[in-house]
Amino acid sequence: MTTHPTIHVTNTSSSRLHGLGRRWSALRSPGPHLVPHLDGPVRLALAGVDHQLMYQEGRLQPGSLMGKGWSAWDKPRAVQRGDSLLCTCPRLNSPRWTRSCHLELLAHWLVRAGWLVVLHGRELQLTGEVVTWADCGRLYRPGVWPAAESTSKPEQVGLFRRSS
Ligand SMILES: [Zn+2]
């Protein structure tokens with residue numbers, strides 16, 4: 001396989017940036033109003049997990065990264081192409097944004113693990129040994145939001161575009 005499955009990483013309120021698949025929670029307890037809208041937690045995506053170690057152990061790879069429904073009886077299921085990993089932090093470029101979300105750190109390792117990560121609507125890619133923003137080629141640094149080069153992708157609208 002040469003194609004990397006897409007995973008959408010963003011916040012719960014940016015529903016137009018979500019994928020068409022399952023909506024996994026990156027929070028252990030997202031709040032009762034959100035639970036019905038989320039398929040369950042991805043334990044390795046929770047804050048406090050050593051994402052680098054999980055990457056090194058091969059547990060973030062497509063096929064290995066697992067989610068599980070909210071019920072104690074639910075069985076773990078692999079996170080799949082088109083699924084979303086969601087948190088309740090403000091987006092990177094939002095006026096409410098104050099600090100880097102743990103998902104922005106995780107995104108880096110998901111790219112290395114073989115996912116095509118769409119972070120807040122923008123693709124990240126592995127360029128040689130480093131993770132870069134696909135639309136402008138800039139080095140990816142969690143918490144830094146470079147301007148997209150609108151000339152590189154004609155379908156792009158503003159900062160965001162929908163991945164296909
Ligand atoms: Zn967050």
# chains A, B, ... in the order shown; residues from 1 in each chain; ligands from 1
call {"tool": "select_by_dssp", "arguments": {"residues": "chain A", "states": "helix (DSSP H, G or I)", "output": "PDB file with C-alpha atoms, in the first residue's frame"}}
result
ATOM      1  CA  SER A  15     -18.036  19.814  12.274  1.00  0.00           C
ATOM      2  CA  ARG A  16     -17.356  20.839   8.682  1.00  0.00           C
ATOM      3  CA  LEU A  17     -13.735  19.772   9.222  1.00  0.00           C
ATOM      4  CA  VAL A  35     -21.097  11.977  24.396  1.00  0.00           C
ATOM      5  CA  PRO A  36     -24.072  11.174  22.115  1.00  0.00           C
ATOM      6  CA  HIS A  37     -22.192  12.760  19.196  1.00  0.00           C
ATOM      7  CA  ARG A  43      -7.239   5.858  24.682  1.00  0.00           C
ATOM      8  CA  LEU A  44      -3.849   6.521  23.076  1.00  0.00           C
ATOM      9  CA  ALA A  45      -5.063   9.966  21.942  1.00  0.00           C
ATOM     10  CA  HIS A  51       2.645   9.800  22.121  1.00  0.00           C
ATOM     11  CA  GLN A  52       6.278   9.473  21.081  1.00  0.00           C
ATOM     12  CA  LEU A  53       6.596   6.198  22.987  1.00  0.00           C
ATOM     13  CA  MET A  54       3.332   4.909  21.492  1.00  0.00           C
ATOM     14  CA  TYR A  55       4.693   5.760  18.045  1.00  0.00           C
ATOM     15  CA  GLN A  56       7.961   3.969  18.757  1.00  0.00           C
ATOM     16  CA  HIS A 102      -2.258  17.770  22.912  1.00  0.00           C
ATOM     17  CA  LEU A 103      -3.737  16.673  19.580  1.00  0.00           C
ATOM     18  CA  GLU A 104      -1.356  19.057  17.800  1.00  0.00           C
ATOM     19  CA  LEU A 105       1.506  17.123  19.370  1.00  0.00           C
ATOM     20  CA  LEU A 106      -0.129  13.786  18.583  1.00  0.00           C
ATOM     21  CA  ALA A 107      -0.677  14.863  14.945  1.00  0.00           C
ATOM     22  CA  HIS A 108       3.075  14.928  14.434  1.00  0.00           C
ATOM     23  CA  TRP A 109       3.400  11.281  15.499  1.00  0.00           C
ATOM     24  CA  LEU A 110       0.339  10.167  13.549  1.00  0.00           C
ATOM     25  CA  VAL A 111       1.957  11.482  10.358  1.00  0.00           C
ATOM     26  CA  ARG A 112       5.113   9.518  11.136  1.00  0.00           C
ATOM     27  CA  ALA A 113       3.022   6.431  11.921  1.00  0.00           C
TER      28      ALA A 113
END
call {"tool": "residues_near_ligand", "arguments": {"ligand": "ligand 1", "cutoff": "12 Å", "atoms": "only C-alpha atoms and all ligand atoms", "output": "PyMOL selection string"}}
result
chain A and resi 9-13+25-28+30+45-48+85-92+97-107+119-120+142-143
call {"tool": "select_by_dssp", "arguments": {"residues": "chain A", "states": "strand (DSSP E)", "output": "PyMOL selection string"}}
result
chain A and resi 6-11+23-25+40-41+66-67+77-78+83-87+116-119+122-127+130-133
call {"tool": "write_last_selection", "arguments": {"atoms": "C-alpha atoms", "output": "compact mmCIF listing (two decimals), in the first residue's frame"}}
result
# COMPACT_ATOMS: atom_id res chain seq x y z
CA THR A 6 -6.81 10.01 6.15
CA ILE A 7 -7.49 10.91 9.77
CA HIS A 8 -9.07 14.24 10.67
CA VAL A 9 -7.78 15.90 13.82
CA THR A 10 -9.68 18.92 15.07
CA ASN A 11 -12.21 20.03 17.67
CA ARG A 23 -15.96 10.66 15.49
CA TRP A 24 -13.61 9.54 18.22
CA SER A 25 -13.03 11.45 21.42
CA GLY A 40 -16.06 6.70 22.14
CA PRO A 41 -12.52 7.42 23.27
CA MET A 66 -7.91 1.48 18.42
CA GLY A 67 -11.04 3.21 19.61
CA ARG A 77 -12.27 -1.24 16.93
CA ALA A 78 -9.50 0.00 14.67
CA ASP A 83 -12.42 8.88 10.98
CA SER A 84 -11.91 11.95 13.17
CA LEU A 85 -10.09 12.48 16.46
CA LEU A 86 -11.75 15.30 18.35
CA CYS A 87 -11.07 17.46 21.34
CA LEU A 116 -2.52 11.31 6.22
CA VAL A 117 -3.38 13.78 8.96
CA VAL A 118 -5.77 16.65 8.25
CA LEU A 119 -5.22 18.99 11.20
CA ARG A 122 -5.05 21.31 6.59
CA GLU A 123 -2.99 18.33 5.51
CA LEU A 124 0.29 17.38 7.10
CA GLN A 125 2.79 15.25 5.26
CA LEU A 126 6.12 13.56 5.81
CA THR A 127 8.79 15.25 3.71
CA VAL A 130 10.33 15.99 8.76
CA VAL A 131 6.61 16.73 9.01
CA THR A 132 5.46 19.68 6.88
CA TRP A 133 2.20 21.43 6.00
call {"tool": "closest_residue", "arguments": {"among": "A:Ala134, A:Pro62, A:Glu57, A:Ala147", "to": "Gly82 in chain A", "atoms": "only C-alpha atoms"}}
result
A:Pro62
